[in-house]
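Here is the file start-v4.txt (compact mmCIF, C-alpha atoms and all ligand atoms).
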```txt
# COMPACT_ATOMS: atom_id res chain seq x y z
CA MET A 5 -8.91 -30.02 -0.08
CA ILE A 6 -12.02 -27.91 0.50
CA THR A 7 -13.08 -27.86 4.15
CA GLU A 8 -16.62 -28.70 5.18
CA THR A 9 -17.11 -25.18 6.46
CA VAL A 10 -16.16 -23.55 3.16
CA ALA A 11 -18.25 -26.08 1.21
CA ALA A 12 -21.31 -25.59 3.42
CA HIS A 13 -21.01 -21.83 3.21
CA SER A 14 -20.64 -21.99 -0.56
CA VAL A 15 -23.80 -24.04 -0.91
CA SER A 16 -25.77 -21.74 1.37
CA LEU A 17 -24.67 -18.70 -0.67
CA ALA A 18 -25.76 -20.54 -3.82
CA THR A 19 -29.17 -21.31 -2.30
CA ALA A 20 -29.53 -17.65 -1.33
CA ARG A 21 -28.56 -16.67 -4.93
CA ARG A 22 -25.59 -14.68 -3.65
CA LEU A 23 -22.83 -16.04 -5.88
CA PRO A 24 -20.22 -15.27 -7.05
CA ALA A 25 -18.46 -14.66 -3.76
CA PHE A 26 -15.00 -14.53 -2.31
CA ILE A 27 -14.90 -16.63 0.82
CA TYR A 28 -11.97 -15.88 3.10
CA ASP A 29 -11.32 -18.62 5.64
CA LEU A 30 -9.72 -16.61 8.44
CA GLU A 31 -9.31 -19.64 10.69
CA ALA A 32 -7.32 -21.41 7.96
CA LEU A 33 -5.28 -18.25 7.47
CA ARG A 34 -4.52 -18.08 11.19
CA THR A 35 -3.48 -21.75 11.30
CA HIS A 36 -1.20 -21.30 8.28
CA ALA A 37 0.37 -18.07 9.54
CA ALA A 38 1.00 -19.68 12.94
CA ALA A 39 2.72 -22.64 11.22
CA VAL A 40 4.95 -20.28 9.22
CA ARG A 41 5.78 -18.36 12.38
CA ASP A 42 6.59 -21.58 14.26
CA ALA A 43 8.90 -22.76 11.47
CA LEU A 44 11.06 -19.66 11.75
CA THR A 45 13.41 -18.85 14.60
CA PRO A 46 12.09 -15.58 16.09
CA GLY A 47 13.84 -12.67 14.41
CA ALA A 48 15.83 -14.88 12.06
CA PRO A 49 14.18 -13.71 9.95
CA GLU A 50 11.50 -11.18 10.80
CA ILE A 51 8.39 -11.50 8.61
CA PHE A 52 6.83 -8.46 6.95
CA TYR A 53 3.68 -9.48 5.04
CA ALA A 54 3.56 -7.93 1.54
CA ALA A 55 0.17 -6.19 1.60
CA LYS A 56 -0.16 -6.08 -2.17
CA ALA A 57 -0.85 -9.84 -2.21
CA ASN A 58 -4.13 -9.15 -0.40
CA PRO A 59 -4.68 -5.97 1.61
CA ASP A 60 -8.22 -6.88 2.71
CA GLY A 61 -8.88 -5.59 6.26
CA PRO A 62 -9.87 -8.84 7.98
CA ILE A 63 -6.90 -10.59 6.33
CA LEU A 64 -4.48 -7.97 7.69
CA ARG A 65 -6.05 -8.10 11.16
CA THR A 66 -5.89 -11.90 11.22
CA LEU A 67 -2.24 -11.92 10.18
CA ALA A 68 -1.08 -9.15 12.51
CA PRO A 69 -0.29 -11.33 15.57
CA PHE A 70 1.88 -13.66 13.47
CA VAL A 71 4.00 -11.18 11.54
CA ASP A 72 6.54 -8.55 12.60
CA GLY A 73 5.27 -5.93 10.20
CA ILE A 74 3.72 -5.11 6.84
CA GLU A 75 5.41 -4.19 3.56
CA VAL A 76 3.54 -1.63 1.46
CA ALA A 77 4.21 -0.59 -2.13
CA SER A 78 2.33 2.70 -2.50
CA GLY A 79 1.03 5.68 -0.57
CA GLY A 80 -2.45 4.19 -0.91
CA GLU A 81 -1.39 0.92 0.71
CA LEU A 82 0.48 2.87 3.36
CA GLN A 83 -2.60 4.85 4.39
CA HIS A 84 -4.81 1.78 4.19
CA VAL A 85 -2.55 -0.36 6.38
CA ARG A 86 -1.98 2.46 8.88
CA GLY A 87 -5.77 2.85 9.16
CA ILE A 88 -6.34 -0.84 9.80
CA LEU A 89 -3.27 -1.61 11.93
CA PRO A 90 -2.26 1.72 13.51
CA ASN A 91 0.64 0.20 15.44
CA ALA A 92 2.10 -2.05 12.76
CA ARG A 93 5.73 -1.65 11.78
CA ILE A 94 5.73 -0.67 8.12
CA ALA A 95 8.31 -0.91 5.35
CA PHE A 96 7.59 1.13 2.22
CA GLY A 97 9.04 -0.06 -1.11
CA GLY A 98 8.32 0.13 -4.80
CA PRO A 99 9.70 1.95 -7.83
CA GLY A 100 8.43 5.40 -8.80
CA LYS A 101 7.57 6.83 -5.39
CA THR A 102 6.27 10.37 -5.74
CA ASP A 103 7.27 13.28 -3.49
CA GLU A 104 3.76 13.12 -2.01
CA GLU A 105 4.21 9.46 -1.12
CA LEU A 106 7.67 10.03 0.37
CA SER A 107 6.36 12.98 2.42
CA LEU A 108 3.49 10.85 3.66
CA ALA A 109 5.93 8.13 4.71
CA ILE A 110 8.06 10.71 6.56
CA GLU A 111 5.01 12.25 8.23
CA LEU A 112 3.60 8.85 9.31
CA GLY A 113 6.97 7.77 10.64
CA VAL A 114 7.27 4.64 8.51
CA GLU A 115 9.93 2.40 10.02
CA ARG A 116 11.87 1.67 6.80
CA ILE A 117 11.82 3.15 3.31
CA HIS A 118 13.32 0.97 0.58
CA VAL A 119 15.10 3.36 -1.76
CA GLU A 120 15.08 2.37 -5.42
CA SER A 121 17.34 4.92 -7.15
CA PRO A 122 19.91 7.67 -6.49
CA HIS A 123 17.34 10.26 -7.63
CA GLU A 124 14.79 8.93 -5.16
CA LEU A 125 17.41 9.11 -2.41
CA THR A 126 18.22 12.73 -3.29
CA ARG A 127 14.53 13.70 -3.16
CA LEU A 128 13.98 11.79 0.09
CA ALA A 129 16.96 13.58 1.66
CA GLN A 130 15.53 16.97 0.66
CA LEU A 131 12.05 16.11 1.94
CA ALA A 132 13.37 14.77 5.26
CA HIS A 133 15.50 17.90 5.68
CA ALA A 134 12.52 20.17 4.92
CA ALA A 135 10.31 18.20 7.35
CA ASP A 136 13.05 18.23 9.99
CA ARG A 137 12.60 14.50 10.49
CA ASP A 138 14.95 11.51 10.41
CA VAL A 139 14.22 8.64 8.04
CA ASP A 140 15.62 5.11 8.07
CA ILE A 141 16.29 3.44 4.79
CA LEU A 142 17.41 0.28 3.09
CA LEU A 143 18.96 0.55 -0.37
CA ARG A 144 17.35 -1.87 -2.81
CA VAL A 145 19.88 -3.81 -4.85
CA ASN A 146 19.22 -5.57 -8.14
CA LEU A 147 21.78 -8.36 -8.41
CA ALA A 148 22.19 -9.95 -11.83
CA GLY A 149 22.58 -13.66 -11.05
CA GLU A 150 20.94 -16.66 -12.69
CA ARG A 151 17.14 -16.67 -12.23
CA SER A 152 15.85 -19.09 -14.85
CA GLY A 153 13.02 -21.35 -13.77
CA VAL A 154 11.43 -18.83 -11.40
CA ALA A 155 7.81 -17.73 -11.82
CA LEU A 156 8.74 -14.06 -12.10
CA ALA A 157 12.26 -12.61 -12.30
CA MET A 158 12.31 -8.98 -11.23
CA SER A 159 14.25 -7.86 -14.27
CA GLY A 160 13.74 -4.19 -14.99
CA PRO A 161 13.85 -1.01 -12.95
CA PHE A 162 13.56 -2.62 -9.52
CA GLY A 163 16.27 -1.38 -7.22
CA MET A 164 19.78 -0.51 -8.32
CA ASP A 165 22.60 -2.36 -10.00
CA PRO A 166 25.57 -2.65 -7.63
CA GLU A 167 27.42 0.06 -9.62
CA LEU A 168 24.49 2.46 -9.26
CA ILE A 169 24.15 1.77 -5.54
CA GLY A 170 27.71 3.04 -5.17
CA ALA A 171 26.46 6.48 -6.17
CA CYS A 172 24.22 6.52 -3.10
CA ARG A 173 27.18 6.74 -0.73
CA SER A 174 28.08 10.27 -1.74
CA ILE A 175 24.43 11.35 -1.55
CA LEU A 176 24.18 9.88 1.96
CA ALA A 177 27.37 11.65 3.01
CA SER A 178 25.55 14.98 2.69
CA ALA A 179 22.14 13.78 3.93
CA PRO A 180 22.31 13.85 7.74
CA ARG A 181 18.55 13.18 8.07
CA VAL A 182 18.77 9.87 6.19
CA ARG A 183 20.08 6.88 8.11
CA LEU A 184 21.25 3.90 6.10
CA ARG A 185 20.17 0.75 7.95
CA GLY A 186 20.84 -1.93 5.40
CA ILE A 187 20.13 -3.56 2.07
CA HIS A 188 16.90 -4.76 0.50
CA ALA A 189 16.58 -7.24 -2.35
CA HIS A 190 13.53 -8.87 -3.93
CA LEU A 191 14.86 -10.63 -7.00
CA ALA A 192 12.29 -13.23 -8.04
CA SER A 193 9.00 -14.94 -7.21
CA GLY A 194 8.21 -18.62 -7.22
CA LEU A 195 11.29 -20.05 -5.48
CA ASP A 196 11.20 -23.24 -3.43
CA ALA A 197 12.99 -23.36 -0.07
CA ASP A 198 16.38 -24.46 -1.41
CA ALA A 199 16.37 -21.94 -4.27
CA MET A 200 15.31 -19.22 -1.85
CA ILE A 201 18.20 -20.06 0.47
CA ARG A 202 20.70 -20.02 -2.42
CA GLN A 203 19.38 -16.60 -3.45
CA SER A 204 19.50 -15.29 0.13
CA ALA A 205 23.11 -16.46 0.47
CA GLU A 206 23.93 -14.66 -2.78
CA ILE A 207 22.36 -11.43 -1.48
CA LEU A 208 24.21 -11.66 1.84
CA ALA A 209 27.52 -12.41 0.13
CA TRP A 210 27.22 -9.17 -1.80
CA ALA A 211 25.57 -7.02 0.85
CA ARG A 212 27.63 -7.80 3.97
CA PRO A 213 30.95 -6.48 2.65
CA TRP A 214 29.21 -3.57 0.94
CA LEU A 215 27.55 -2.44 4.18
CA ALA A 216 30.73 -3.03 6.18
CA ALA A 217 32.58 -0.72 3.79
CA ALA A 218 29.76 1.86 3.83
CA GLY A 219 29.84 1.90 7.63
CA ILE A 220 26.43 2.15 9.28
CA ALA A 221 25.11 2.87 12.71
CA GLY A 222 23.39 0.02 14.50
CA PRO A 223 22.96 -3.61 13.45
CA ALA A 224 23.00 -4.19 9.69
CA GLU A 225 19.65 -5.15 8.21
CA TYR A 226 19.08 -7.42 5.25
CA ASN A 227 15.64 -7.66 3.72
CA LEU A 228 15.80 -10.75 1.54
CA GLY A 229 12.44 -10.17 -0.20
CA GLY A 230 9.39 -12.33 -0.80
CA GLY A 231 8.59 -14.73 -3.62
CA GLN A 232 8.18 -18.01 -1.69
CA ALA A 233 6.67 -20.47 -4.19
CA VAL A 234 3.10 -21.69 -4.31
CA ASN A 235 2.00 -24.42 -6.72
CA TYR A 236 -1.35 -23.87 -8.46
CA ALA A 237 -1.09 -27.23 -10.24
CA ASP A 238 -0.63 -29.01 -6.91
CA PRO A 239 -2.15 -27.02 -4.03
CA GLN A 240 -0.99 -29.55 -1.40
CA ASN A 241 2.61 -28.88 -2.40
CA VAL A 242 3.27 -25.93 -0.10
CA PHE A 243 6.54 -24.07 0.46
CA ASP A 244 8.70 -26.03 2.90
CA TRP A 245 8.81 -23.48 5.71
CA ALA A 246 10.40 -25.96 8.14
CA SER A 247 13.39 -26.62 5.89
CA TYR A 248 13.63 -22.94 4.98
CA GLY A 249 13.48 -21.95 8.65
CA LYS A 250 16.38 -24.24 9.58
CA GLN A 251 18.53 -23.12 6.65
CA ILE A 252 17.88 -19.39 7.05
CA ALA A 253 18.69 -19.58 10.75
CA ALA A 254 22.04 -21.09 9.75
CA LEU A 255 22.69 -18.13 7.43
CA ALA A 256 21.99 -15.55 10.14
CA SER A 257 24.84 -13.89 12.03
CA PRO A 258 24.74 -12.24 15.44
CA ASN A 259 24.34 -8.45 15.46
CA GLU A 260 22.39 -8.28 12.25
CA VAL A 261 18.70 -8.36 11.33
CA LEU A 262 17.31 -10.60 8.62
CA ARG A 263 13.85 -9.88 7.26
CA ILE A 264 11.62 -11.41 4.57
CA GLU A 265 8.46 -10.05 2.97
CA PRO A 266 6.34 -12.91 1.61
CA GLY A 267 2.86 -12.19 0.25
CA ARG A 268 1.40 -14.92 -1.96
CA ALA A 269 2.65 -17.87 0.10
CA ILE A 270 0.98 -16.41 3.19
CA SER A 271 -2.54 -15.54 2.04
CA VAL A 272 -3.20 -17.53 -1.14
CA TYR A 273 -4.64 -20.66 0.50
CA ALA A 274 -7.18 -18.81 2.65
CA GLY A 275 -9.27 -17.47 -0.25
CA TRP A 276 -11.92 -19.12 -2.42
CA TYR A 277 -13.73 -17.66 -5.41
CA VAL A 278 -17.05 -19.45 -5.45
CA THR A 279 -19.48 -19.35 -8.33
CA GLN A 280 -22.08 -21.35 -10.16
CA ILE A 281 -22.53 -22.96 -13.58
CA LEU A 282 -24.88 -20.94 -15.83
CA ASP A 283 -24.60 -23.01 -18.98
CA ILE A 284 -22.90 -26.07 -20.41
CA LYS A 285 -22.34 -26.63 -24.11
CA GLN A 286 -20.05 -28.05 -26.72
CA ALA A 287 -18.30 -25.79 -29.23
CA HIS A 288 -16.08 -27.14 -31.99
CA GLY A 289 -15.63 -30.35 -30.10
CA GLU A 290 -14.69 -28.77 -26.75
CA TRP A 291 -16.93 -28.80 -23.68
CA TYR A 292 -17.47 -25.50 -21.92
CA ALA A 293 -19.07 -24.58 -18.61
CA VAL A 294 -19.99 -20.90 -18.48
CA LEU A 295 -19.78 -19.60 -14.92
CA ARG A 296 -21.39 -16.63 -13.22
CA GLY A 297 -18.78 -13.87 -12.85
CA GLY A 298 -15.48 -14.21 -14.63
CA THR A 299 -11.80 -13.47 -14.63
CA MET A 300 -12.57 -9.76 -14.21
CA GLN A 301 -13.11 -10.84 -10.59
CA LEU A 302 -10.35 -13.46 -10.41
CA ARG A 303 -7.69 -12.46 -12.90
CA THR A 304 -5.02 -14.78 -11.47
CA PRO A 305 -5.36 -17.68 -13.98
CA VAL A 306 -5.16 -15.25 -16.91
CA THR A 307 -2.13 -13.35 -15.63
CA LYS A 308 -0.28 -16.49 -14.61
CA GLN A 309 -1.57 -18.66 -17.47
CA HIS A 310 -2.50 -21.56 -15.26
CA ASN A 311 -5.57 -23.65 -14.46
CA GLN A 312 -7.07 -22.29 -11.26
CA PRO A 313 -7.64 -25.37 -9.05
CA SER A 314 -11.32 -26.04 -8.39
CA VAL A 315 -13.83 -28.25 -6.63
CA ILE A 316 -17.37 -29.00 -7.87
CA LEU A 317 -20.13 -28.96 -5.26
CA PRO A 318 -23.26 -30.47 -6.82
CA LEU A 319 -26.57 -28.94 -5.77
CA PRO A 320 -29.35 -31.47 -5.22
CA ASP A 321 -32.14 -29.74 -7.12
CA THR A 322 -30.43 -28.44 -10.24
CA SER A 323 -31.86 -28.79 -13.71
CA GLY A 324 -30.62 -27.98 -17.19
CA PRO A 325 -27.80 -29.36 -19.31
CA SER A 326 -25.22 -31.65 -17.79
CA VAL A 327 -22.17 -33.52 -18.99
CA GLU A 328 -20.44 -36.62 -17.70
CA GLY A 329 -16.85 -37.78 -17.89
CA GLU A 330 -15.60 -35.02 -20.17
CA ALA A 331 -12.75 -32.55 -19.95
CA VAL A 332 -14.46 -29.19 -19.50
CA THR A 333 -13.11 -25.66 -19.92
CA TYR A 334 -14.40 -23.23 -17.28
CA VAL A 335 -15.07 -19.75 -18.62
CA GLY A 336 -16.78 -16.64 -17.27
CA GLN A 337 -19.36 -14.17 -18.57
CA LEU A 338 -16.96 -11.89 -20.44
CA CYS A 339 -17.14 -11.46 -24.21
CA THR A 340 -13.53 -12.46 -24.76
CA PRO A 341 -11.84 -15.81 -25.36
CA LYS A 342 -9.34 -14.85 -22.66
CA ASP A 343 -11.96 -15.23 -19.93
CA VAL A 344 -10.78 -18.71 -18.93
CA PHE A 345 -10.39 -20.00 -15.36
CA ALA A 346 -9.15 -23.45 -16.34
CA ARG A 347 -8.84 -25.52 -19.52
CA ARG A 348 -9.89 -29.14 -20.06
CA VAL A 349 -10.55 -30.00 -16.43
CA PRO A 350 -11.47 -33.68 -16.03
CA THR A 351 -14.95 -33.92 -14.48
CA ASP A 352 -17.18 -36.78 -13.30
CA ARG A 353 -20.50 -35.10 -13.82
CA ILE A 354 -21.41 -31.43 -13.80
CA GLN A 355 -24.78 -29.77 -14.29
CA VAL A 356 -26.07 -26.25 -14.68
CA GLY A 357 -26.53 -24.82 -11.17
CA ASP A 358 -23.64 -26.75 -9.63
CA VAL A 359 -21.29 -24.70 -7.49
CA VAL A 360 -17.66 -24.31 -8.60
CA ALA A 361 -15.27 -23.32 -5.83
CA PHE A 362 -11.89 -22.08 -7.05
CA ALA A 363 -9.12 -22.60 -4.52
CA MET A 364 -6.00 -20.48 -4.00
CA ALA A 365 -7.86 -17.22 -4.54
CA GLY A 366 -6.53 -15.49 -1.42
CA ALA A 367 -3.61 -13.66 -3.08
CA TYR A 368 -3.41 -11.53 -6.22
CA GLY A 369 -7.09 -12.36 -6.81
CA TRP A 370 -9.78 -9.73 -6.41
CA ASN A 371 -7.33 -6.86 -5.86
CA ILE A 372 -5.47 -7.34 -9.15
CA SER A 373 -8.65 -7.83 -11.18
CA HIS A 374 -10.24 -5.44 -13.67
CA HIS A 375 -13.66 -5.76 -12.05
CA ASP A 376 -15.52 -2.98 -13.86
CA PHE A 377 -15.09 -4.60 -17.26
CA LEU A 378 -18.66 -5.40 -18.50
CA MET A 379 -20.27 -4.01 -15.34
CA HIS A 380 -21.45 -7.28 -13.84
CA PRO A 381 -22.52 -7.21 -10.18
CA LYS A 382 -19.67 -7.28 -7.69
CA PRO A 383 -19.07 -10.52 -5.75
CA GLU A 384 -20.00 -10.93 -2.10
CA PHE A 385 -17.22 -11.09 0.46
CA ALA A 386 -17.71 -13.64 3.21
CA TYR A 387 -15.36 -14.19 6.14
CA LEU A 388 -15.38 -17.49 7.96
CA ASP A 389 -13.99 -17.66 11.45
CA ARG A 390 -14.42 -19.52 14.72
CA ALA A 391 -17.88 -18.82 16.10
C1 LIG A 401 5.45 -8.33 -4.60
C2 LIG A 401 6.58 -8.16 -3.70
C3 LIG A 401 6.72 -9.00 -2.59
C4 LIG A 401 5.83 -10.18 -2.33
O1 LIG A 401 6.02 -11.17 -3.31
P1 LIG A 401 5.26 -12.58 -3.17
O2 LIG A 401 5.62 -13.29 -4.43
O3 LIG A 401 3.81 -12.29 -3.06
O4 LIG A 401 5.79 -13.25 -1.95
C5 LIG A 401 7.74 -8.74 -1.71
N1 LIG A 401 8.59 -7.69 -1.91
C6 LIG A 401 8.49 -6.87 -2.97
C7 LIG A 401 9.44 -5.75 -3.13
C8 LIG A 401 7.49 -7.07 -3.90
O5 LIG A 401 7.40 -6.28 -4.98
```
If you took the structure in this file and wrote it as structure tokens, what would it be?
Ligand SMILES: *Cc1c(COP(=O)(O)O)cnc(C)c1O
Amino acid sequence: MITETVAAHSVSLATARRLPAFIYDLEALRTHAAAVRDALTPGAPEIFYAAKANPDGPILRTLAPFVDGIEVASGGELQHVRGILPNARIAFGGPGKTDEELSLAIELGVERIHVESPHELTRLAQLAHAADRDVDILLRVNLAGERSGVALAMSGPFGMDPELIGACRSILASAPRVRLRGIHAHLASGLDADAMIRQSAEILAWARPWLAAAGIAGPAEYNLGGGQAVNYADPQNVFDWASYGKQIAALASPNEVLRIEPGRAISVYAGWYVTQILDIKQAHGEWYAVLRGGTMQLRTPVTKQHNQPSVILPLPDTSGPSVEGEAVTYVGQLCTPKDVFARRVPTDRIQVGDVVAFAMAGAYGWNISHHDFLMHPKPEFAYLDRA
């Protein structure tokens, strides 16, 4: 699965003693984003990339031509994305927005604000009135529904129960600066194409009559969320964008706007966390390879409790302990038993000095990691692209 370019670059960083490193394969990202784009009928739905998956500048710039906009989840992300892509359409969501963040969104003219509670709507209305500016919003709904089997169900204070959303109508009635454009829902992560379509149909079945009754100006908008599945146990098993594209186009109606905001499924495959084996030993019957760096730089396998997929790149002139034909647990340099990248990985032969390249490190990797823990040196960031 590793490309020759990524492998060659990994080995040259190892030779230059510059590991660990994140390698972002921008050409692979471009190819993937173009394939996603091609699988979807233009505008049915629009794609807003969820910046929190990976807000790295070159990643955002590479994605920009293939997406309709960017979804941000904080004032920090908002300023960051505006700085990197000044002309991008931006949707601003997330629970617990402060007055400062809402004012920033009003001042920067964010295209859509996803409102998460009646109290937030009241504050937004006051701030828009005080700023003498119009704002366009979607109300975020939290539908109950059956979500077992998903990687992450958004249970908790995300959006509003249908009963609570009803309270927004009277607030809107006395908020002339706030224009209701539609409904937003992001209910779960880790859905395959069919499950995603079932969930989208469920959202539309609730939201269409609700919006029709509320009466809005302009075409109704439905943001159906992100959460398209990726499979860390089987990296080749990618979300079926072609099937999803056909089915979502069939759900679309004229005179309305559908929108999705995927993050992980867009950027995860383009990132590699590459490091090197420092030590190999047996402890209480288990084989361990201790790697330079650790999960303070790639927290993903700890948070999601999976084995991060990996490839071994042997270096020709390594010396030191080796092991052959054993199941090896890959750990980092942290002084905690939780610092595990992958457990009991079958290996042919590994030796101290060999390079370990962890795949699927392009989303919720570096940016969710607690990288100051133990104060090890920061990784390098390398960007591969067409010459
Ligand atoms: C995190 C998040 C997304 C992106 O989810 P992925 O699983 O990365 O696709 C989209 N919308 C909202 C509101 C989110 O919180």
Quick one: 4 Å padding each side, axis-aligned, all listed atoms of ligand LIG 401 (chain A) - centre and edge lengths in Å to one decimal, as JSON?
```
{"center_x": 6.6, "center_y": -9.5, "center_z": -3.3, "size_x": 13.6, "size_y": 15.5, "size_z": 11.3}
```
*Kindly compile the residues surrounding ligand LIG 401 (chain A) within 7 Å, counting all atoms listed in the file, and format them as number ranges by chain.*
A: 54, 56-57, 97-98, 190, 193-194, 229-232, 265-269
*asked:* When you count all atoms listed in the file, which of these residues is closest to Ile281 of chain A: A:Ala346, A:Ile220, A:Leu319, A:Ala253?
replied: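 Checking each of A:Ala346, A:Ile220, A:Leu319, A:Ala253 against Ile281 of chain A, counting all atoms listed in the file, the winner is A:Leu319.
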_Selected residue, from A:Thr351, A:Ser107, A:Ser152, A:Gln286, that lies nearest to Pro318 of chain A when counting only C-alpha atoms_ =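 Ranked by minimum distance to Pro318 of chain A, first place goes to A:Thr351.
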*Which residue out of A:Ala39, A:Ala132, A:Ala18, A:Leu262 has the minimum interatomic distance to Pro223 of chain A when only C-alpha atoms are used?*
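Ranking A:Ala39, A:Ala132, A:Ala18, A:Leu262 by distance to Pro223 of chain A, first place goes to A:Leu262.
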*Can you tell me, as a ChimeraX atom specification, what residues are no more than 12 Å from Arg34 of chain A when counting only C-alpha atoms, ignoring any on the same chain fewer than 4 positions away?*
/A:28-30,38-41,62-71,270-271,273-274,388-390
*So which residues touch Pro166 of chain A within 12 Å, counting only C-alpha atoms, skipping near sequence neighbours fewer than 4 positions away, as a PyMOL selection string?*
chain A and resi 120-122+143-149+170-173+187+189+207+210-211+214-215
Could you save those same residues with C-alpha atoms as a short mmCIF file (atom, residue, chain, number, x, y, z; two decimals), keeping the file's coordinate frame?
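This is the output file part.cif:
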```cif
data_model
loop_
_atom_site.label_atom_id
_atom_site.label_comp_id
_atom_site.auth_asym_id
_atom_site.auth_seq_id
_atom_site.Cartn_x
_atom_site.Cartn_y
_atom_site.Cartn_z
CA GLU A 120 15.08 2.37 -5.42
CA SER A 121 17.34 4.92 -7.15
CA PRO A 122 19.91 7.67 -6.49
CA LEU A 143 18.96 0.55 -0.37
CA ARG A 144 17.35 -1.87 -2.81
CA VAL A 145 19.88 -3.81 -4.85
CA ASN A 146 19.22 -5.57 -8.14
CA LEU A 147 21.78 -8.36 -8.41
CA ALA A 148 22.19 -9.95 -11.83
CA GLY A 149 22.58 -13.66 -11.05
CA GLY A 170 27.71 3.04 -5.17
CA ALA A 171 26.46 6.48 -6.17
CA CYS A 172 24.22 6.52 -3.10
CA ARG A 173 27.18 6.74 -0.73
CA ILE A 187 20.13 -3.56 2.07
CA ALA A 189 16.58 -7.24 -2.35
CA ILE A 207 22.36 -11.43 -1.48
CA TRP A 210 27.22 -9.17 -1.80
CA ALA A 211 25.57 -7.02 0.85
CA TRP A 214 29.21 -3.57 0.94
CA LEU A 215 27.55 -2.44 4.18
#
```
Tell me, as a compact mmCIF listing (two decimals) with C-alpha atoms, keeping the file's coordinate frame, which residues lie within 9 Å of Ile117 of chain A, counting only C-alpha atoms; anything in the same chain fewer than 3 positions away does not count.
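around_38.txt, freshly written:
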```
# COMPACT_ATOMS: atom_id res chain seq x y z
CA ILE A 94 5.73 -0.67 8.12
CA ALA A 95 8.31 -0.91 5.35
CA PHE A 96 7.59 1.13 2.22
CA GLY A 97 9.04 -0.06 -1.11
CA LEU A 106 7.67 10.03 0.37
CA ALA A 109 5.93 8.13 4.71
CA VAL A 114 7.27 4.64 8.51
CA VAL A 139 14.22 8.64 8.04
CA ASP A 140 15.62 5.11 8.07
CA ILE A 141 16.29 3.44 4.79
CA LEU A 142 17.41 0.28 3.09
CA LEU A 143 18.96 0.55 -0.37
```
*asked:* If we draw a sphere of 9 Å around (-13.4, -15.8, -4.0), which residues have at least one atom in it when counting only C-alpha atoms? Please report them as number ranges by chain.
replied: A: 24-28, 275-279, 301-302, 361-366, 369-370, 383-386
Keeping C-alpha atoms for every residue in the selection just given, could you write it to a file as a CSV table (one decimal), in the coordinates of the input?
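Saved to again.csv:
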```csv
chain,number,residue,atom,x,y,z
A,24,PRO,CA,-20.2,-15.3,-7.0
A,25,ALA,CA,-18.5,-14.7,-3.8
A,26,PHE,CA,-15.0,-14.5,-2.3
A,27,ILE,CA,-14.9,-16.6,0.8
A,28,TYR,CA,-12.0,-15.9,3.1
A,275,GLY,CA,-9.3,-17.5,-0.2
A,276,TRP,CA,-11.9,-19.1,-2.4
A,277,TYR,CA,-13.7,-17.7,-5.4
A,278,VAL,CA,-17.0,-19.4,-5.4
A,279,THR,CA,-19.5,-19.4,-8.3
A,301,GLN,CA,-13.1,-10.8,-10.6
A,302,LEU,CA,-10.4,-13.5,-10.4
A,361,ALA,CA,-15.3,-23.3,-5.8
A,362,PHE,CA,-11.9,-22.1,-7.0
A,363,ALA,CA,-9.1,-22.6,-4.5
A,364,MET,CA,-6.0,-20.5,-4.0
A,365,ALA,CA,-7.9,-17.2,-4.5
A,366,GLY,CA,-6.5,-15.5,-1.4
A,369,GLY,CA,-7.1,-12.4,-6.8
A,370,TRP,CA,-9.8,-9.7,-6.4
A,383,PRO,CA,-19.1,-10.5,-5.8
A,384,GLU,CA,-20.0,-10.9,-2.1
A,385,PHE,CA,-17.2,-11.1,0.5
A,386,ALA,CA,-17.7,-13.6,3.2
```
*Find the distance between atom CA of Gly357 of chain A and atom CA of Arg303 of chain A and write it in Å to one decimal.*
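These atoms are spaced 22.6 Å apart.
You can rank A:Arg116, A:Lys101, A:Lys250, A:Arg21 by their closest distance to Ala43 of chain A using all atoms listed in the file, and at the top of that list sits A:Lys250.
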_Answer as an MDAnalysis selection string, residues within 9 Å of (-24.5, -20.9, -18.6) using all atoms listed in the file_ = chainID A and resid 280:285 293:296 336:337 356:357
Using C-alpha atoms, can you export the residues from the last selection as a PDB file, in the coordinates of the input?
```
ATOM      1  CA  GLN A 280     -22.080 -21.350 -10.160  1.00  0.00           C
ATOM      2  CA  ILE A 281     -22.530 -22.960 -13.580  1.00  0.00           C
ATOM      3  CA  LEU A 282     -24.880 -20.940 -15.830  1.00  0.00           C
ATOM      4  CA  ASP A 283     -24.600 -23.010 -18.980  1.00  0.00           C
ATOM      5  CA  ILE A 284     -22.900 -26.070 -20.410  1.00  0.00           C
ATOM      6  CA  LYS A 285     -22.340 -26.630 -24.110  1.00  0.00           C
ATOM      7  CA  ALA A 293     -19.070 -24.580 -18.610  1.00  0.00           C
ATOM      8  CA  VAL A 294     -19.990 -20.900 -18.480  1.00  0.00           C
ATOM      9  CA  LEU A 295     -19.780 -19.600 -14.920  1.00  0.00           C
ATOM     10  CA  ARG A 296     -21.390 -16.630 -13.220  1.00  0.00           C
ATOM     11  CA  GLY A 336     -16.780 -16.640 -17.270  1.00  0.00           C
ATOM     12  CA  GLN A 337     -19.360 -14.170 -18.570  1.00  0.00           C
ATOM     13  CA  VAL A 356     -26.070 -26.250 -14.680  1.00  0.00           C
ATOM     14  CA  GLY A 357     -26.530 -24.820 -11.170  1.00  0.00           C
TER      15      GLY A 357
END
```
_I want to know what sits within 8 Å of Arg347 of chain A, based on all atoms listed in the file, with residues of the same chain fewer than 3 positions away left out; could you give that as a PyMOL selection string?_
chain A and resi 311+332-334+344
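The two atoms in question, atom CA of Ile51 of chain A and atom CA of Gln203 of chain A, are spaced 17.1 Å apart.
The closest residue to Leu317 of chain A, picked from A:Ala134, A:Val10, A:Met200, A:Val360 and counting only C-alpha atoms, is A:Val360.
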